[in-house]
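A short worksheet on the structure shown next.
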Protein chains: 2
Amino acid sequence: MRLSTRGRYGTRLMLELAKNYGEGPKSVSDISKNLNIPVKYLEQLIIPLKKAALISSVRGPKGGHMLSRPAEEISLWHILTLLETKFSFVDCLTDDGVCERIATCPIRPFWNEALRGMRKLFRETSLLDVLISSRGSQRPAAQNPAD
Amino acid sequence: MRLSTRGRYGTRLMLELAKNYGEGPKSVSDISKNLNIPVKYLEQLIIPLKKAALISSVRGPKGGHMLSRPAEEISLWHILTLLETKFSFVDCLTDDGVCERIATCPIRPFWNEALRGMRKLFRETSLLDVLISSRGSQRPAAQNPAD
DNA sequence: TCGAACTATACTCTGACAATATATATTAAA
DNA sequence: TTTAATATATATTGTCAGAGTATAGTTCGA
């Protein structure tokens with residue numbers, strides 16, 4: 001139940017671009033320095049985000065990348081589904097063929113319900129929402145009791 | 001964002017025991033046949049569940065394992081935290097040392113909020129809840145639009 | 001005392017993921 | 001028009017957690 005590096009780096013990247021929205025393109029090498037992410041790895045993440053029209057690029061010197069829409073119109077869900085290969089608790093929610101027990105499985109409906117809840121939250125949270133709420137209060141993380 | 005086999009098999013196991021609660025111990029070989037899980041792998045999963053007093057065992061012939069409490073007193077959260085090694089979206093929620101950017105990270109608070117939501121749902125769902133809701137309606141899974 | 005069951009530890013194997021390497025194409029500025 | 005900085009595309013290597021197996025030992029009821 002961990003996010004992959006692609007998902008984590010990808011959200012970092014998009015938040016960085018969101019910060020600089022309206023200020024022209026930002027080069028990959030700049031982003032790489034700021035975020036501590038290898039240049040070549042960043043370039044791989046950018047490709048699907050471009051195809052989905054979340055990012056626009058400008059080639060040549062002084063070129064780079066930028067959001068193609070305002071930060072409030074891009075949700076975390078959109079980003080993560082593009083970058084995470086399996087973004088659900090269990091495979092049987094997206095592929096019917098992976099398990100023969102689907103018809104009688106008692107817990108599959110629950111995984112689906114949990115996924116729906118997560119999707120709702122992630123869809124309702126935009127890049128702008130994240131930036132605003134973090135700017136306000138850098139409150140210490142809430143308790144994580146082990147049980 | 002996939003559950004590991006340990007988590008999936010573990011919940012299967014516990015649901016199987018929940019079904020037979022009150023009928024005495026169930027042998028590992030029986031469980032293995034019913035659930036299509038290797039005997040040796042099952043035995044590994046049982047150990048932490050026993051240590052946490054969710055399972056009681058009886059040795060010798062006709063021995064086996066059973067829930068040590070009613071199914072309504074065992075939550076999915078309890079089971080999954082025992083079996084999943086990293087049960088949070090990002091490591092920095094549980095280990096402070098893994099990232100130097102924590103102080104300024106804009107998205108960590110969001111991961112924490114998402115985890116809290118998930119924990120709430122999983123805590124409020126017991127083995128009995130799962131069995132009851134699945135017994136009622138084996139409704140087809142809800143839509144999973146890609147975006 | 002026998003066998004069926006549980007306990008413990010160590011080991012191997014595999015695949016997804018992270019990261020790097022190489023080569024090519026584009027284009028603004030000098 | 002040349003150059004340098006940038007983006008694009010594909011292929012390759014490396015790494016590690018997780019899945020599964022193997023072996024040896026312990027307990028206890030019939």
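In the structure tokens, chains take the letters A, B, ... in the order shown, each chain's residues start at 1, and ligands count up from 1 in the order shown.
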Give the strand (DSSP E) residues of stretch 47-108 of chain A, as DSSP finds them on the backbone, and put them as number ranges by chain.
A: 55-58, 64-67
Okay, now the selection with N, CA and C atoms, as a PDB file, in the first residue's frame?
```pdb
ATOM      1  N   ILE A  55       0.331  18.963 -19.350  1.00  0.00           N
ATOM      2  CA  ILE A  55       1.575  19.727 -19.468  1.00  0.00           C
ATOM      3  C   ILE A  55       1.770  20.146 -20.920  1.00  0.00           C
ATOM      4  N   SER A  56       2.256  21.373 -21.113  1.00  0.00           N
ATOM      5  CA  SER A  56       2.671  21.828 -22.438  1.00  0.00           C
ATOM      6  C   SER A  56       4.166  22.078 -22.409  1.00  0.00           C
ATOM      7  N   SER A  57       4.829  21.860 -23.548  1.00  0.00           N
ATOM      8  CA  SER A  57       6.283  22.010 -23.598  1.00  0.00           C
ATOM      9  C   SER A  57       6.690  23.001 -24.672  1.00  0.00           C
ATOM     10  N   VAL A  58       7.821  23.643 -24.437  1.00  0.00           N
ATOM     11  CA  VAL A  58       8.413  24.546 -25.416  1.00  0.00           C
ATOM     12  C   VAL A  58       9.840  24.084 -25.665  1.00  0.00           C
ATOM     13  N   GLY A  64      11.107  24.583 -22.024  1.00  0.00           N
ATOM     14  CA  GLY A  64      10.787  23.862 -20.803  1.00  0.00           C
ATOM     15  C   GLY A  64       9.339  23.439 -20.780  1.00  0.00           C
ATOM     16  N   HIS A  65       8.826  23.222 -19.562  1.00  0.00           N
ATOM     17  CA  HIS A  65       7.476  22.683 -19.427  1.00  0.00           C
ATOM     18  C   HIS A  65       6.637  23.551 -18.505  1.00  0.00           C
ATOM     19  N   MET A  66       5.345  23.493 -18.726  1.00  0.00           N
ATOM     20  CA  MET A  66       4.428  24.241 -17.851  1.00  0.00           C
ATOM     21  C   MET A  66       3.064  23.575 -17.859  1.00  0.00           C
ATOM     22  N   LEU A  67       2.266  23.897 -16.869  1.00  0.00           N
ATOM     23  CA  LEU A  67       0.896  23.388 -16.846  1.00  0.00           C
ATOM     24  C   LEU A  67       0.130  23.962 -18.032  1.00  0.00           C
TER      25      LEU A  67
END
```
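Near stretch 6-17 of chain C, within 8 Å and counting only C-alpha atoms (C1' of nucleotides), sit Arg59 and Gly60 of chain B; DT21, DA22, DT26 and DT27 of chain D; same-chain residues fewer than 2 positions away were not included.
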Matching every Cα in sequence order between the two identical chains, what are the coordinates of chain B once fitted onto chain A? Write them as a compact mmCIF listing (two decimals) with N, CA and C atoms, in the first residue's frame.
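Saved file result.txt follows:
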```txt
# COMPACT_ATOMS: atom_id res chain seq x y z
N MET B 1 0.78 -1.22 0.00
CA MET B 1 -0.02 0.01 0.00
C MET B 1 0.83 1.26 0.00
N ARG B 2 1.95 1.19 -0.70
CA ARG B 2 2.76 2.38 -0.84
C ARG B 2 2.59 2.95 -2.24
N LEU B 3 2.65 4.25 -2.34
CA LEU B 3 2.68 4.89 -3.64
C LEU B 3 4.04 4.61 -4.27
N SER B 4 4.08 4.46 -5.58
CA SER B 4 5.37 4.25 -6.23
C SER B 4 6.10 5.58 -6.40
N THR B 5 7.37 5.47 -6.73
CA THR B 5 8.17 6.67 -6.93
C THR B 5 7.59 7.52 -8.06
N ARG B 6 7.07 6.86 -9.06
CA ARG B 6 6.46 7.62 -10.16
C ARG B 6 5.36 8.55 -9.66
N GLY B 7 4.50 8.01 -8.81
CA GLY B 7 3.41 8.82 -8.29
C GLY B 7 3.90 9.96 -7.41
N ARG B 8 4.87 9.64 -6.56
CA ARG B 8 5.37 10.67 -5.65
C ARG B 8 6.11 11.76 -6.40
N TYR B 9 7.03 11.35 -7.26
CA TYR B 9 7.76 12.34 -8.04
C TYR B 9 6.83 13.12 -8.95
N GLY B 10 5.87 12.44 -9.51
CA GLY B 10 4.94 13.10 -10.43
C GLY B 10 4.14 14.20 -9.75
N THR B 11 3.68 13.95 -8.54
CA THR B 11 2.93 14.99 -7.85
C THR B 11 3.86 16.14 -7.45
N ARG B 12 5.07 15.79 -7.03
CA ARG B 12 6.05 16.84 -6.75
C ARG B 12 6.26 17.73 -7.96
N LEU B 13 6.46 17.08 -9.08
CA LEU B 13 6.67 17.80 -10.33
C LEU B 13 5.51 18.74 -10.63
N MET B 14 4.30 18.20 -10.56
CA MET B 14 3.15 19.01 -10.92
C MET B 14 2.93 20.16 -9.94
N LEU B 15 3.24 19.94 -8.69
CA LEU B 15 3.11 21.02 -7.71
C LEU B 15 4.15 22.10 -7.99
N GLU B 16 5.33 21.68 -8.41
CA GLU B 16 6.37 22.65 -8.75
C GLU B 16 5.92 23.51 -9.93
N LEU B 17 5.35 22.86 -10.94
CA LEU B 17 4.85 23.62 -12.09
C LEU B 17 3.69 24.51 -11.68
N ALA B 18 2.89 24.02 -10.76
CA ALA B 18 1.74 24.82 -10.32
C ALA B 18 2.20 26.10 -9.64
N LYS B 19 3.26 26.00 -8.87
CA LYS B 19 3.79 27.18 -8.19
C LYS B 19 4.19 28.26 -9.20
N ASN B 20 4.71 27.81 -10.33
CA ASN B 20 5.23 28.76 -11.33
C ASN B 20 4.27 28.98 -12.48
N TYR B 21 3.02 28.66 -12.28
CA TYR B 21 2.06 28.80 -13.37
C TYR B 21 1.95 30.25 -13.80
N GLY B 22 2.02 30.47 -15.12
CA GLY B 22 1.92 31.83 -15.64
C GLY B 22 3.26 32.51 -15.82
N GLU B 23 4.33 31.84 -15.44
CA GLU B 23 5.66 32.46 -15.55
C GLU B 23 6.49 31.83 -16.66
N GLY B 24 5.84 31.20 -17.60
CA GLY B 24 6.58 30.61 -18.71
C GLY B 24 7.10 29.23 -18.38
N PRO B 25 7.75 28.60 -19.38
CA PRO B 25 8.20 27.21 -19.21
C PRO B 25 9.36 27.10 -18.23
N LYS B 26 9.43 25.94 -17.62
CA LYS B 26 10.49 25.65 -16.65
C LYS B 26 11.28 24.46 -17.18
N SER B 27 12.59 24.59 -17.19
CA SER B 27 13.41 23.54 -17.79
C SER B 27 13.52 22.32 -16.87
N VAL B 28 13.72 21.18 -17.50
CA VAL B 28 13.84 19.94 -16.73
C VAL B 28 15.02 20.01 -15.77
N SER B 29 16.11 20.61 -16.21
CA SER B 29 17.29 20.64 -15.34
C SER B 29 17.03 21.49 -14.11
N ASP B 30 16.28 22.57 -14.27
CA ASP B 30 15.91 23.37 -13.10
C ASP B 30 15.06 22.56 -12.13
N ILE B 31 14.04 21.92 -12.68
CA ILE B 31 13.14 21.12 -11.84
C ILE B 31 13.93 20.04 -11.12
N SER B 32 14.83 19.41 -11.87
CA SER B 32 15.63 18.34 -11.31
C SER B 32 16.42 18.81 -10.09
N LYS B 33 17.01 20.00 -10.21
CA LYS B 33 17.77 20.53 -9.09
C LYS B 33 16.86 20.82 -7.90
N ASN B 34 15.76 21.47 -8.16
CA ASN B 34 14.87 21.86 -7.07
C ASN B 34 14.30 20.67 -6.32
N LEU B 35 13.97 19.62 -7.06
CA LEU B 35 13.23 18.52 -6.45
C LEU B 35 14.08 17.29 -6.15
N ASN B 36 15.36 17.33 -6.54
CA ASN B 36 16.20 16.15 -6.32
C ASN B 36 15.68 14.92 -7.04
N ILE B 37 15.35 15.09 -8.29
CA ILE B 37 14.89 13.97 -9.12
C ILE B 37 15.78 13.91 -10.35
N PRO B 38 16.30 12.72 -10.72
CA PRO B 38 17.16 12.60 -11.90
C PRO B 38 16.49 13.13 -13.16
N VAL B 39 17.25 13.82 -13.97
CA VAL B 39 16.71 14.42 -15.19
C VAL B 39 16.02 13.37 -16.06
N LYS B 40 16.70 12.26 -16.28
CA LYS B 40 16.15 11.25 -17.18
C LYS B 40 14.86 10.64 -16.65
N TYR B 41 14.77 10.58 -15.34
CA TYR B 41 13.56 10.02 -14.75
C TYR B 41 12.41 10.99 -14.89
N LEU B 42 12.70 12.26 -14.70
CA LEU B 42 11.69 13.30 -14.89
C LEU B 42 11.12 13.26 -16.30
N GLU B 43 12.02 13.12 -17.25
CA GLU B 43 11.57 13.13 -18.65
C GLU B 43 10.58 12.00 -18.93
N GLN B 44 10.80 10.88 -18.26
CA GLN B 44 9.87 9.77 -18.45
C GLN B 44 8.50 10.07 -17.87
N LEU B 45 8.49 10.78 -16.76
CA LEU B 45 7.21 11.08 -16.13
C LEU B 45 6.42 12.11 -16.93
N ILE B 46 7.16 12.99 -17.59
CA ILE B 46 6.51 14.08 -18.30
C ILE B 46 5.71 13.57 -19.50
N ILE B 47 6.20 12.51 -20.11
CA ILE B 47 5.56 12.03 -21.34
C ILE B 47 4.06 11.74 -21.18
N PRO B 48 3.67 10.87 -20.23
CA PRO B 48 2.22 10.62 -20.09
C PRO B 48 1.44 11.86 -19.68
N LEU B 49 2.08 12.75 -18.92
CA LEU B 49 1.38 13.96 -18.50
C LEU B 49 1.15 14.90 -19.69
N LYS B 50 2.07 14.86 -20.63
CA LYS B 50 1.89 15.64 -21.85
C LYS B 50 0.78 15.05 -22.72
N LYS B 51 0.82 13.72 -22.85
CA LYS B 51 -0.19 13.05 -23.68
C LYS B 51 -1.59 13.32 -23.17
N ALA B 52 -1.70 13.46 -21.86
CA ALA B 52 -3.01 13.74 -21.26
C ALA B 52 -3.31 15.23 -21.24
N ALA B 53 -2.44 16.01 -21.86
CA ALA B 53 -2.64 17.45 -21.99
C ALA B 53 -2.67 18.19 -20.65
N LEU B 54 -1.95 17.65 -19.68
CA LEU B 54 -1.81 18.38 -18.42
C LEU B 54 -0.60 19.29 -18.46
N ILE B 55 0.34 18.95 -19.35
CA ILE B 55 1.57 19.71 -19.46
C ILE B 55 1.77 20.14 -20.91
N SER B 56 2.26 21.36 -21.12
CA SER B 56 2.66 21.83 -22.44
C SER B 56 4.16 22.07 -22.43
N SER B 57 4.80 21.83 -23.56
CA SER B 57 6.25 21.97 -23.62
C SER B 57 6.64 22.98 -24.69
N VAL B 58 7.75 23.62 -24.49
CA VAL B 58 8.33 24.53 -25.47
C VAL B 58 9.75 24.06 -25.75
N ARG B 59 10.06 23.84 -26.99
CA ARG B 59 11.38 23.31 -27.33
C ARG B 59 12.38 24.44 -27.54
N GLY B 60 13.63 23.99 -27.70
CA GLY B 60 14.69 24.97 -27.96
C GLY B 60 15.21 25.62 -26.70
N PRO B 61 16.25 26.46 -26.85
CA PRO B 61 16.81 27.17 -25.70
C PRO B 61 15.74 28.00 -25.01
N LYS B 62 15.85 28.11 -23.70
CA LYS B 62 14.86 28.81 -22.87
C LYS B 62 13.51 28.10 -22.89
N GLY B 63 13.53 26.88 -23.41
CA GLY B 63 12.29 26.11 -23.42
C GLY B 63 12.06 25.42 -22.10
N GLY B 64 11.06 24.56 -22.08
CA GLY B 64 10.75 23.85 -20.84
C GLY B 64 9.31 23.40 -20.81
N HIS B 65 8.81 23.19 -19.63
CA HIS B 65 7.45 22.65 -19.46
C HIS B 65 6.64 23.53 -18.54
N MET B 66 5.33 23.47 -18.76
CA MET B 66 4.44 24.21 -17.87
C MET B 66 3.07 23.56 -17.87
N LEU B 67 2.28 23.88 -16.87
CA LEU B 67 0.91 23.38 -16.83
C LEU B 67 0.14 23.94 -18.02
N SER B 68 -0.70 23.11 -18.60
CA SER B 68 -1.50 23.60 -19.71
C SER B 68 -2.88 24.06 -19.25
N ARG B 69 -3.13 23.94 -17.94
CA ARG B 69 -4.37 24.47 -17.38
C ARG B 69 -4.04 25.05 -16.00
N PRO B 70 -4.95 25.88 -15.48
CA PRO B 70 -4.76 26.39 -14.13
C PRO B 70 -4.70 25.25 -13.11
N ALA B 71 -3.98 25.47 -12.05
CA ALA B 71 -3.75 24.43 -11.05
C ALA B 71 -5.03 23.95 -10.40
N GLU B 72 -6.06 24.78 -10.41
CA GLU B 72 -7.29 24.36 -9.76
C GLU B 72 -8.09 23.39 -10.64
N GLU B 73 -7.68 23.23 -11.88
CA GLU B 73 -8.41 22.32 -12.78
C GLU B 73 -7.71 20.97 -12.94
N ILE B 74 -6.68 20.75 -12.15
CA ILE B 74 -5.95 19.48 -12.23
C ILE B 74 -6.03 18.78 -10.88
N SER B 75 -6.62 17.60 -10.89
CA SER B 75 -6.80 16.87 -9.63
C SER B 75 -5.67 15.88 -9.40
N LEU B 76 -5.47 15.54 -8.15
CA LEU B 76 -4.47 14.52 -7.81
C LEU B 76 -4.85 13.18 -8.44
N TRP B 77 -6.12 12.90 -8.51
CA TRP B 77 -6.56 11.64 -9.09
C TRP B 77 -6.11 11.51 -10.53
N HIS B 78 -6.26 12.59 -11.26
CA HIS B 78 -5.88 12.58 -12.67
C HIS B 78 -4.39 12.27 -12.82
N ILE B 79 -3.59 12.94 -12.02
CA ILE B 79 -2.14 12.73 -12.09
C ILE B 79 -1.77 11.30 -11.72
N LEU B 80 -2.33 10.84 -10.63
CA LEU B 80 -1.91 9.53 -10.11
C LEU B 80 -2.34 8.38 -11.00
N THR B 81 -3.52 8.49 -11.58
CA THR B 81 -3.94 7.39 -12.47
C THR B 81 -3.07 7.35 -13.72
N LEU B 82 -2.51 8.49 -14.10
CA LEU B 82 -1.62 8.48 -15.26
C LEU B 82 -0.26 7.84 -14.94
N LEU B 83 0.18 7.96 -13.70
CA LEU B 83 1.54 7.55 -13.37
C LEU B 83 1.62 6.22 -12.62
N GLU B 84 0.60 5.91 -11.85
CA GLU B 84 0.61 4.64 -11.11
C GLU B 84 0.05 3.54 -12.01
N THR B 85 0.77 2.42 -12.04
CA THR B 85 0.30 1.34 -12.91
C THR B 85 -0.96 0.68 -12.37
N LYS B 86 -0.95 0.37 -11.07
CA LYS B 86 -2.11 -0.28 -10.47
C LYS B 86 -2.59 0.59 -9.33
N PHE B 87 -3.59 1.39 -9.58
CA PHE B 87 -4.03 2.31 -8.55
C PHE B 87 -5.34 1.84 -7.93
N SER B 88 -5.33 0.60 -7.43
CA SER B 88 -6.47 0.10 -6.68
C SER B 88 -5.95 -0.94 -5.71
N PHE B 89 -6.74 -1.25 -4.73
CA PHE B 89 -6.26 -2.15 -3.69
C PHE B 89 -5.99 -3.55 -4.23
N VAL B 90 -6.87 -4.03 -5.08
CA VAL B 90 -6.74 -5.37 -5.63
C VAL B 90 -6.98 -5.34 -7.14
N ASP B 91 -6.34 -6.25 -7.85
CA ASP B 91 -6.41 -6.24 -9.30
C ASP B 91 -7.81 -6.56 -9.84
N CYS B 92 -8.58 -7.33 -9.06
CA CYS B 92 -9.87 -7.81 -9.58
C CYS B 92 -10.87 -6.68 -9.76
N LEU B 93 -10.55 -5.49 -9.25
CA LEU B 93 -11.48 -4.37 -9.44
C LEU B 93 -11.40 -3.82 -10.87
N THR B 94 -10.25 -4.02 -11.50
CA THR B 94 -10.08 -3.49 -12.85
C THR B 94 -10.02 -4.60 -13.90
N ASP B 95 -9.49 -5.77 -13.51
CA ASP B 95 -9.46 -6.91 -14.44
C ASP B 95 -10.35 -8.02 -13.91
N ASP B 96 -11.32 -8.40 -14.71
CA ASP B 96 -12.24 -9.44 -14.24
C ASP B 96 -11.61 -10.82 -14.25
N GLY B 97 -10.58 -11.00 -15.08
CA GLY B 97 -10.07 -12.33 -15.32
C GLY B 97 -9.04 -12.84 -14.34
N VAL B 98 -8.58 -11.99 -13.44
CA VAL B 98 -7.45 -12.39 -12.62
C VAL B 98 -7.80 -13.34 -11.49
N CYS B 99 -9.07 -13.53 -11.21
CA CYS B 99 -9.47 -14.35 -10.06
C CYS B 99 -10.78 -15.05 -10.37
N GLU B 100 -10.83 -16.35 -10.05
CA GLU B 100 -12.05 -17.12 -10.33
C GLU B 100 -13.06 -17.00 -9.20
N ARG B 101 -12.65 -16.39 -8.11
CA ARG B 101 -13.50 -16.36 -6.93
C ARG B 101 -14.40 -15.13 -6.89
N ILE B 102 -14.31 -14.32 -7.93
CA ILE B 102 -15.02 -13.04 -7.89
C ILE B 102 -16.49 -13.20 -7.52
N ALA B 103 -17.13 -14.19 -8.12
CA ALA B 103 -18.57 -14.34 -7.92
C ALA B 103 -18.95 -14.51 -6.46
N THR B 104 -18.11 -15.22 -5.72
CA THR B 104 -18.45 -15.51 -4.34
C THR B 104 -17.59 -14.78 -3.33
N CYS B 105 -16.64 -13.99 -3.81
CA CYS B 105 -15.70 -13.33 -2.90
C CYS B 105 -16.43 -12.37 -1.97
N PRO B 106 -16.30 -12.56 -0.66
CA PRO B 106 -17.05 -11.72 0.27
C PRO B 106 -16.49 -10.32 0.43
N ILE B 107 -15.21 -10.13 0.10
CA ILE B 107 -14.60 -8.86 0.45
C ILE B 107 -14.38 -7.94 -0.73
N ARG B 108 -14.55 -8.44 -1.93
CA ARG B 108 -14.35 -7.58 -3.10
C ARG B 108 -15.24 -6.34 -3.06
N PRO B 109 -16.51 -6.48 -2.71
CA PRO B 109 -17.34 -5.26 -2.64
C PRO B 109 -16.77 -4.21 -1.68
N PHE B 110 -16.15 -4.67 -0.62
CA PHE B 110 -15.57 -3.70 0.32
C PHE B 110 -14.39 -2.97 -0.31
N TRP B 111 -13.52 -3.70 -0.99
CA TRP B 111 -12.39 -3.04 -1.65
C TRP B 111 -12.90 -1.98 -2.62
N ASN B 112 -13.97 -2.33 -3.28
CA ASN B 112 -14.51 -1.39 -4.25
C ASN B 112 -15.04 -0.12 -3.57
N GLU B 113 -15.70 -0.33 -2.46
CA GLU B 113 -16.22 0.81 -1.70
C GLU B 113 -15.07 1.70 -1.21
N ALA B 114 -14.01 1.06 -0.71
CA ALA B 114 -12.86 1.81 -0.22
C ALA B 114 -12.21 2.61 -1.35
N LEU B 115 -12.13 1.98 -2.51
CA LEU B 115 -11.54 2.67 -3.66
C LEU B 115 -12.38 3.87 -4.07
N ARG B 116 -13.69 3.70 -4.01
CA ARG B 116 -14.57 4.81 -4.36
C ARG B 116 -14.37 6.00 -3.42
N GLY B 117 -14.21 5.69 -2.16
CA GLY B 117 -13.98 6.75 -1.19
C GLY B 117 -12.69 7.50 -1.47
N MET B 118 -11.67 6.72 -1.78
CA MET B 118 -10.38 7.33 -2.05
C MET B 118 -10.45 8.16 -3.33
N ARG B 119 -11.10 7.61 -4.33
CA ARG B 119 -11.20 8.33 -5.59
C ARG B 119 -11.93 9.65 -5.41
N LYS B 120 -12.97 9.63 -4.60
CA LYS B 120 -13.74 10.85 -4.36
C LYS B 120 -12.83 11.94 -3.76
N LEU B 121 -12.11 11.56 -2.73
CA LEU B 121 -11.23 12.53 -2.08
C LEU B 121 -10.17 13.06 -3.05
N PHE B 122 -9.56 12.17 -3.80
CA PHE B 122 -8.47 12.56 -4.70
C PHE B 122 -8.98 13.39 -5.87
N ARG B 123 -10.21 13.11 -6.28
CA ARG B 123 -10.78 13.90 -7.37
C ARG B 123 -11.11 15.31 -6.93
N GLU B 124 -11.51 15.41 -5.67
CA GLU B 124 -11.95 16.72 -5.17
C GLU B 124 -10.77 17.59 -4.74
N THR B 125 -9.57 17.02 -4.80
CA THR B 125 -8.40 17.78 -4.38
C THR B 125 -7.57 18.18 -5.59
N SER B 126 -7.45 19.47 -5.82
CA SER B 126 -6.66 19.96 -6.95
C SER B 126 -5.28 20.39 -6.48
N LEU B 127 -4.42 20.59 -7.45
CA LEU B 127 -3.08 21.09 -7.12
C LEU B 127 -3.16 22.39 -6.32
N LEU B 128 -4.11 23.24 -6.72
CA LEU B 128 -4.25 24.51 -6.00
C LEU B 128 -4.66 24.27 -4.55
N ASP B 129 -5.58 23.35 -4.35
CA ASP B 129 -6.00 23.03 -2.99
C ASP B 129 -4.80 22.64 -2.12
N VAL B 130 -3.95 21.81 -2.70
CA VAL B 130 -2.79 21.34 -1.94
C VAL B 130 -1.88 22.51 -1.58
N LEU B 131 -1.63 23.38 -2.56
CA LEU B 131 -0.74 24.51 -2.30
C LEU B 131 -1.32 25.44 -1.24
N ILE B 132 -2.61 25.73 -1.37
CA ILE B 132 -3.24 26.66 -0.43
C ILE B 132 -3.21 26.11 0.99
N SER B 133 -3.63 24.86 1.13
CA SER B 133 -3.73 24.33 2.50
C SER B 133 -2.36 24.18 3.13
N SER B 134 -1.34 23.95 2.30
CA SER B 134 0.00 23.80 2.89
C SER B 134 0.58 25.17 3.24
N ARG B 135 0.20 26.17 2.46
CA ARG B 135 0.71 27.51 2.73
C ARG B 135 0.21 28.01 4.07
N GLY B 136 -1.06 27.69 4.35
CA GLY B 136 -1.66 28.17 5.58
C GLY B 136 -0.91 27.70 6.81
N SER B 137 -1.07 26.46 7.14
CA SER B 137 -0.49 25.96 8.38
C SER B 137 0.36 24.74 8.11
N GLN B 138 1.63 24.86 8.41
CA GLN B 138 2.48 23.68 8.37
C GLN B 138 2.36 22.96 9.70
N ARG B 139 1.14 22.55 9.99
CA ARG B 139 0.88 21.90 11.28
C ARG B 139 1.61 20.56 11.33
N PRO B 140 2.01 20.16 12.54
CA PRO B 140 2.64 18.84 12.67
C PRO B 140 1.65 17.75 12.30
N ALA B 141 2.19 16.67 11.76
CA ALA B 141 1.33 15.57 11.31
C ALA B 141 0.50 15.04 12.46
N ALA B 142 -0.70 14.63 12.14
CA ALA B 142 -1.58 14.08 13.17
C ALA B 142 -1.04 12.75 13.67
N GLN B 143 -1.53 12.35 14.80
CA GLN B 143 -1.08 11.08 15.40
C GLN B 143 -1.37 9.90 14.48
N ASN B 144 -0.50 8.92 14.56
CA ASN B 144 -0.69 7.69 13.78
C ASN B 144 -0.66 6.47 14.69
N PRO B 145 -1.63 6.33 15.55
CA PRO B 145 -1.60 5.19 16.48
C PRO B 145 -1.49 3.88 15.70
N ALA B 146 -0.72 2.97 16.24
CA ALA B 146 -0.41 1.75 15.49
C ALA B 146 -1.65 0.91 15.25
N ASP B 147 -2.63 1.07 16.10
CA ASP B 147 -3.82 0.24 15.94
C ASP B 147 -5.02 1.12 16.03
```
What are the residues of chain D that have an atom within 9 Å of an atom of chain B, counting only C-alpha atoms (C1' of nucleotides), as a PyMOL selection string?
chain D and resi 18-21+27-30
Now that the selection is made, can you save its residues with N, CA and C atoms (P, O5', C5', C4', C3', O3' and C1' of nucleotides) as a compact mmCIF listing (two decimals), in the first residue's frame?
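Result went into again33.txt, see below:
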```txt
# COMPACT_ATOMS: atom_id res chain seq x y z
P DG D 18 7.47 -5.48 0.82
O5' DG D 18 6.86 -6.71 0.04
C5' DG D 18 6.53 -6.57 -1.34
C4' DG D 18 6.50 -7.92 -1.98
C3' DG D 18 5.71 -8.97 -1.19
O3' DG D 18 4.77 -9.55 -2.06
C1' DG D 18 7.82 -9.83 -1.80
P DA D 19 3.59 -10.45 -1.45
O5' DA D 19 3.91 -11.84 -2.13
C5' DA D 19 4.13 -11.88 -3.53
C4' DA D 19 4.64 -13.24 -3.93
C3' DA D 19 3.88 -14.41 -3.30
O3' DA D 19 3.56 -15.34 -4.32
C1' DA D 19 6.22 -14.62 -2.89
P DG D 20 2.55 -16.54 -3.96
O5' DG D 20 3.55 -17.73 -3.65
C5' DG D 20 4.46 -18.10 -4.67
C4' DG D 20 5.58 -18.92 -4.07
C3' DG D 20 5.13 -20.17 -3.31
O3' DG D 20 5.44 -21.30 -4.10
C1' DG D 20 6.97 -19.06 -2.27
P DT D 21 5.17 -22.78 -3.50
O5' DT D 21 6.62 -23.19 -2.95
C5' DT D 21 7.76 -22.97 -3.78
C4' DT D 21 9.02 -23.44 -3.07
C3' DT D 21 8.89 -24.83 -2.42
O3' DT D 21 9.97 -25.63 -2.85
C1' DT D 21 9.74 -23.24 -0.86
P DT D 27 8.33 -28.13 23.03
O5' DT D 27 6.79 -28.52 22.84
C5' DT D 27 5.89 -27.53 22.34
C4' DT D 27 4.62 -28.21 21.88
C3' DT D 27 3.91 -29.04 22.95
O3' DT D 27 2.67 -28.41 23.23
C1' DT D 27 3.94 -30.14 20.83
P DC D 28 1.92 -28.73 24.55
O5' DC D 28 0.94 -29.91 24.10
C5' DC D 28 0.04 -29.66 23.03
C4' DC D 28 -0.56 -30.95 22.54
C3' DC D 28 -1.04 -31.88 23.67
O3' DC D 28 -2.34 -32.33 23.35
C1' DC D 28 0.25 -33.07 22.11
P DG D 29 -3.40 -32.46 24.57
O5' DG D 29 -4.52 -33.38 23.88
C5' DG D 29 -5.11 -32.94 22.66
C4' DG D 29 -5.33 -34.12 21.73
C3' DG D 29 -6.12 -35.28 22.35
O3' DG D 29 -7.02 -35.79 21.38
C1' DG D 29 -4.01 -36.07 21.58
P DA D 30 -8.20 -36.72 21.82
O5' DA D 30 -7.78 -38.12 21.20
C5' DA D 30 -7.73 -38.27 19.78
C4' DA D 30 -7.04 -39.58 19.44
C3' DA D 30 -7.68 -40.82 20.08
O3' DA D 30 -7.89 -41.80 19.09
C1' DA D 30 -5.35 -40.76 20.53
```
Give the helix (DSSP H, G or I) residues of stretch 54-145 of chain A, as assigned by DSSP on the backbone, as an MDAnalysis selection string.
chainID A and resid 71:73 76:83 91:93 96:98 108:124 127:136
Using only C-alpha atoms (C1' of nucleotides), which residue out of C:DA23, C:DA30, C:DA4, C:DA18 lies closest to chain A?
C:DA18
Tell me, as a list in words, which residues lie within 8 Å of stretch 9-15 of chain D, counting only C-alpha atoms (C1' of nucleotides); anything in the same chain fewer than 3 positions away does not count.
DA18, DA19, DT20 and DA21 of chain C
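Atom C1' of C:DT22 is found 24.3 Å from atom C1' of D:DT2.
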Chain C contacts to chain A at 7 Å (only C-alpha atoms (C1' of nucleotides)) as a PyMOL selection string
chain C and resi 26-28
